[in-house]
Amino acid sequence: MTRLYHFPLSPFCRKVRLSLAEKKIEVELIEERYWERSSEFLQRNPAGKIPILKLDQTMLTESAAICEYIEETYPDPPLMPKTHRARHEVRRLVAWFDDKFHSEVTAKLLHERVNKKIMSKGAPDSTNIFAGFQAIKFHLDYMAWLLDQRRWIAGDELSLADFAAAAHLSTLDYVSDVDWNRSTVVKDWYAKIKSRPAFRSILADIISGFPPPPHYSDLDF
């Protein structure tokens with residue numbers, strides 16, 4: 001059995017889960033309290049990071065590398081385009097969300113409002129929360145600009161870039177931190193993404209003490 005060691009509100013884990021589900025790869029989800037850094041966890045990944053995918057007796061780490069491994073091993077349906085230029089655009093936008101969006105938005109909103117409480121790391125920092133709310137406006141506007149020119153985030157076909165973006169936004173939507181009224185085109189794009197069968201298990205996630213808003217799992221918002 002393929003196993004994914006994950007945490008439900010990790011956008012990096014969600015990106016891998018979406019890739020696996022889109023390709024209809026059955027996986028056993030093992031929730032990992034990675035912040036406790038157990039010896040078993042560190043044996044699986046000495047870097048102390050999730051996700052970790054156990055596939056064919058091999059432990060795979062780093063979400064972007066895992067997703068490309070999945071793509072090369074299970075090429076259908078494709079999540080990477082055929083041309084070098086188009087593949088670069090997908091990789092650029094995956095990095096945009098996993099690096100820039102994460103540091104400016106996810107790490108400031110989700111970490112401060114949810115993860116700190118779960119991990120017993122003290123009270124939320126209001127300065128970080130304010131900065132996150134300011135930054136997400138820019139990112140939503142950038143996504144709107146991209147989607148005004150394309151059917152999907154990186155081009156005319158669904159790609160890993162869409163799953164990277166949706167992974168981050170879905171964790172923030174879980175705690176009602178996305179203003180979907182800011183852009184109709186972004187809202188419509190997300191509605192298309194979350195209506196895909198690959199999204200079902202993510203919409204079923206429940207974090208104890210943090211119930212999602214009613215619209216979270218509503219495919220029509």
# chains A, B, ... in the order shown; residues from 1 in each chain; ligands from 1
$ select_by_dssp --residues "chain A" --states "strand (DSSP E)" --output "number ranges by chain"
A: 3-6, 28-31, 52-55, 58-61
$ residues_around --residues "region 201-211 of chain A" --least-positions-apart "6" --cutoff "10 Å" --atoms "only C-alpha atoms" --output "list in words"
Phe7, Pro8, Leu9, Arg14, Arg17, Leu18, Ala21, Val114, Lys117, Ile118, Ala167, Ser170, Thr171, Tyr174, Val175, Lys194, Ser195, Ser217, Asp218 and Leu219 of chain A
$ atom_distance --atom1 "CA of Glu26 (chain A)" --atom2 "CA of Thr83 (chain A)"
29.0 Å
$ residues_around --residues "His102 (chain A)" --least-positions-apart "5" --cutoff "9 Å" --atoms "only C-alpha atoms" --output "VMD selection string"
chain A and resid 11 96 to 97 107 to 108 168
$ write_last_selection --atoms "N, CA, C and O atoms" --output "PDB file, in the first residue's frame"
ATOM      1  N   PRO A  11      -0.490  22.756   3.062  1.00  0.00           N
ATOM      2  CA  PRO A  11      -0.710  22.913   1.620  1.00  0.00           C
ATOM      3  C   PRO A  11       0.220  22.038   0.791  1.00  0.00           C
ATOM      4  O   PRO A  11      -0.138  21.612  -0.307  1.00  0.00           O
ATOM      5  N   TRP A  96       6.096  29.829  -7.038  1.00  0.00           N
ATOM      6  CA  TRP A  96       5.459  31.072  -6.577  1.00  0.00           C
ATOM      7  C   TRP A  96       4.573  30.797  -5.357  1.00  0.00           C
ATOM      8  O   TRP A  96       4.664  31.486  -4.345  1.00  0.00           O
ATOM      9  N   PHE A  97       3.715  29.792  -5.468  1.00  0.00           N
ATOM     10  CA  PHE A  97       2.793  29.513  -4.371  1.00  0.00           C
ATOM     11  C   PHE A  97       3.492  28.837  -3.191  1.00  0.00           C
ATOM     12  O   PHE A  97       3.205  29.161  -2.036  1.00  0.00           O
ATOM     13  N   ALA A 107       1.854  31.169   5.789  1.00  0.00           N
ATOM     14  CA  ALA A 107       2.607  31.086   7.041  1.00  0.00           C
ATOM     15  C   ALA A 107       2.191  32.155   8.036  1.00  0.00           C
ATOM     16  O   ALA A 107       2.370  31.987   9.245  1.00  0.00           O
ATOM     17  N   LYS A 108       1.628  33.242   7.537  1.00  0.00           N
ATOM     18  CA  LYS A 108       1.209  34.322   8.433  1.00  0.00           C
ATOM     19  C   LYS A 108      -0.229  34.142   8.917  1.00  0.00           C
ATOM     20  O   LYS A 108      -0.541  34.457  10.063  1.00  0.00           O
ATOM     21  N   HIS A 168      -2.937  25.797  -1.309  1.00  0.00           N
ATOM     22  CA  HIS A 168      -2.764  26.900  -0.355  1.00  0.00           C
ATOM     23  C   HIS A 168      -4.089  27.589  -0.066  1.00  0.00           C
ATOM     24  O   HIS A 168      -4.437  27.843   1.097  1.00  0.00           O
TER      25      HIS A 168
END
$ atom_distance --atom1 "CA of Ile153 (chain A)" --atom2 "CA of Leu29 (chain A)"
27.6 Å
$ residues_around --residues "Tyr190 (chain A)" --least-positions-apart "6" --cutoff "12 Å" --atoms "only C-alpha atoms" --output "short mmCIF file (atom, residue, chain, number, x, y, z; two decimals) with C-alpha atoms, in the first residue's frame"
data_model
loop_
_atom_site.label_atom_id
_atom_site.label_comp_id
_atom_site.auth_asym_id
_atom_site.auth_seq_id
_atom_site.Cartn_x
_atom_site.Cartn_y
_atom_site.Cartn_z
CA LEU A 140 -5.55 37.21 -5.60
CA MET A 143 -4.17 35.20 -10.03
CA ALA A 144 -7.01 37.20 -11.58
CA LEU A 147 -6.77 33.81 -15.36
CA ARG A 151 -8.23 28.92 -18.85
CA TRP A 152 -6.07 27.67 -15.96
CA ILE A 153 -3.32 29.18 -13.82
CA LEU A 158 -5.10 21.92 -15.83
CA ASP A 162 -3.43 24.78 -10.29
CA PHE A 163 -3.08 22.16 -7.57
CA ALA A 164 -0.32 24.13 -5.85
CA ALA A 165 -2.47 27.28 -5.83
CA ALA A 166 -5.61 25.42 -4.75
CA ALA A 167 -3.73 23.61 -1.99
CA HIS A 168 -2.76 26.90 -0.36
CA LEU A 169 -6.10 28.62 -0.90
CA SER A 170 -8.06 25.62 0.39
CA ASP A 173 -10.61 28.84 2.96
CA VAL A 178 -10.08 34.15 1.44
CA TRP A 180 -13.84 35.27 -2.80
CA SER A 183 -12.34 38.40 -8.07
CA THR A 184 -15.08 36.54 -9.92
CA ARG A 196 -13.10 17.72 -9.23
CA PHE A 199 -10.71 17.30 -4.18
CA TYR A 216 -15.95 25.16 2.53
CA SER A 217 -17.35 21.91 1.13
CA ASP A 218 -20.15 23.52 -0.90
CA LEU A 219 -19.28 23.00 -4.57
CA ASP A 220 -21.43 26.00 -5.48
CA PHE A 221 -20.04 28.18 -2.68
#
$ atom_distance --atom1 "CA of Tyr74 (chain A)" --atom2 "CA of Arg150 (chain A)"
25.8 Å
$ closest_residue --among "A:Met1, A:Leu146, A:Leu160, A:Ile136" --to "Cys67 (chain A)" --atoms "only C-alpha atoms"
A:Leu160
$ closest_residue --among "A:Ala154, A:Pro214, A:Pro197, A:Arg182" --to "His88 (chain A)" --atoms "only C-alpha atoms"
A:Ala154
$ closest_residue --among "A:Lys137, A:Lys121, A:Arg85, A:Lys24" --to "Glu36 (chain A)" --atoms "only C-alpha atoms"
A:Lys121
$ residues_around --residues "Thr73 (chain A)" --least-positions-apart "6" --cutoff "12 Å" --atoms "only C-alpha atoms" --output "list of chain:residue names"
A:Ser19, A:Leu20, A:Lys23, A:Ile25, A:Leu55, A:Asp56, A:Ile66, A:Cys67, A:Leu79
$ closest_residue --among "A:Asp148, A:Asp98, A:Asp188, A:Asp177" --to "Phe12 (chain A)" --atoms "only C-alpha atoms"
A:Asp98
$ residues_around --residues "Pro81 (chain A)" --least-positions-apart "4" --cutoff "12 Å" --atoms "only C-alpha atoms" --output "JSON list (two decimals) with N, CA, C and O atoms, in the first residue's frame"
[["chain", "number", "residue", "atom", "x", "y", "z"],
["A", 71, "GLU", "N", 4.45, 12.33, -11.54],
["A", 71, "GLU", "CA", 4.17, 12.65, -12.94],
["A", 71, "GLU", "C", 4.97, 11.76, -13.89],
["A", 71, "GLU", "O", 4.44, 11.29, -14.90],
["A", 75, "PRO", "N", 2.18, 9.00, -15.86],
["A", 75, "PRO", "CA", 2.02, 10.18, -16.73],
["A", 75, "PRO", "C", 0.59, 10.52, -17.13],
["A", 75, "PRO", "O", 0.35, 11.61, -17.66],
["A", 76, "ASP", "N", -0.36, 9.63, -16.89],
["A", 76, "ASP", "CA", -1.75, 9.89, -17.29],
["A", 76, "ASP", "C", -2.69, 9.94, -16.09],
["A", 76, "ASP", "O", -2.61, 9.05, -15.23],
["A", 77, "PRO", "N", -3.55, 10.94, -16.03],
["A", 77, "PRO", "CA", -3.60, 12.11, -16.91],
["A", 77, "PRO", "C", -2.46, 13.07, -16.61],
["A", 77, "PRO", "O", -2.03, 13.16, -15.45],
["A", 85, "ARG", "N", 8.87, 25.39, -22.55],
["A", 85, "ARG", "CA", 8.44, 26.70, -22.06],
["A", 85, "ARG", "C", 7.22, 26.56, -21.15],
["A", 85, "ARG", "O", 7.13, 27.20, -20.10],
["A", 86, "ALA", "N", 6.27, 25.72, -21.56],
["A", 86, "ALA", "CA", 5.06, 25.54, -20.76],
["A", 86, "ALA", "C", 5.37, 24.84, -19.44],
["A", 86, "ALA", "O", 4.80, 25.18, -18.40],
["A", 87, "ARG", "N", 6.31, 23.90, -19.47],
["A", 87, "ARG", "CA", 6.70, 23.22, -18.23],
["A", 87, "ARG", "C", 7.40, 24.20, -17.28],
["A", 87, "ARG", "O", 7.21, 24.14, -16.07],
["A", 88, "HIS", "N", 8.19, 25.08, -17.85],
["A", 88, "HIS", "CA", 8.84, 26.09, -17.01],
["A", 88, "HIS", "C", 7.80, 26.97, -16.32],
["A", 88, "HIS", "O", 7.94, 27.31, -15.14],
["A", 89, "GLU", "N", 6.74, 27.36, -17.07],
["A", 89, "GLU", "CA", 5.72, 28.21, -16.47],
["A", 89, "GLU", "C", 5.01, 27.49, -15.32],
["A", 89, "GLU", "O", 4.71, 28.11, -14.28],
["A", 90, "VAL", "N", 4.75, 26.21, -15.48],
["A", 90, "VAL", "CA", 4.14, 25.44, -14.39],
["A", 90, "VAL", "C", 5.07, 25.43, -13.18],
["A", 90, "VAL", "O", 4.65, 25.70, -12.05],
["A", 91, "ARG", "N", 6.34, 25.12, -13.40],
["A", 91, "ARG", "CA", 7.31, 25.07, -12.28],
["A", 91, "ARG", "C", 7.46, 26.43, -11.63],
["A", 91, "ARG", "O", 7.60, 26.54, -10.40],
["A", 154, "ALA", "N", -1.62, 28.19, -15.27],
["A", 154, "ALA", "CA", -0.38, 28.21, -16.05],
["A", 154, "ALA", "C", -0.60, 28.12, -17.55],
["A", 154, "ALA", "O", 0.37, 28.18, -18.31],
["A", 155, "GLY", "N", -1.82, 27.97, -18.00],
["A", 155, "GLY", "CA", -2.06, 27.82, -19.43],
["A", 155, "GLY", "C", -3.47, 27.34, -19.71],
["A", 155, "GLY", "O", -4.38, 27.54, -18.90],
["A", 156, "ASP", "N", -3.64, 26.69, -20.84],
["A", 156, "ASP", "CA", -4.98, 26.27, -21.25],
["A", 156, "ASP", "C", -5.37, 24.90, -20.74],
["A", 156, "ASP", "O", -6.50, 24.44, -20.99],
["A", 157, "GLU", "N", -4.47, 24.22, -20.05],
["A", 157, "GLU", "CA", -4.77, 22.90, -19.49],
["A", 157, "GLU", "C", -4.52, 22.90, -17.99],
["A", 157, "GLU", "O", -3.63, 23.58, -17.49],
["A", 158, "LEU", "N", -5.32, 22.12, -17.27],
["A", 158, "LEU", "CA", -5.10, 21.92, -15.83],
["A", 158, "LEU", "C", -3.69, 21.39, -15.61],
["A", 158, "LEU", "O", -3.22, 20.53, -16.35],
["A", 159, "SER", "N", -3.00, 21.91, -14.60],
["A", 159, "SER", "CA", -1.63, 21.48, -14.35],
["A", 159, "SER", "C", -1.33, 21.46, -12.85],
["A", 159, "SER", "O", -2.17, 21.84, -12.02],
["A", 160, "LEU", "N", -0.13, 21.05, -12.54],
["A", 160, "LEU", "CA", 0.32, 21.03, -11.15],
["A", 160, "LEU", "C", 0.27, 22.42, -10.53],
["A", 160, "LEU", "O", 0.10, 22.56, -9.32],
["A", 161, "ALA", "N", 0.41, 23.46, -11.34],
["A", 161, "ALA", "CA", 0.34, 24.83, -10.82],
["A", 161, "ALA", "C", -1.04, 25.11, -10.21],
["A", 161, "ALA", "O", -1.14, 25.78, -9.18]]
$ closest_residue --among "A:Met119, A:Val16, A:Ala64, A:Leu110" --to "Arg92 (chain A)" --atoms "only C-alpha atoms"
A:Ala64
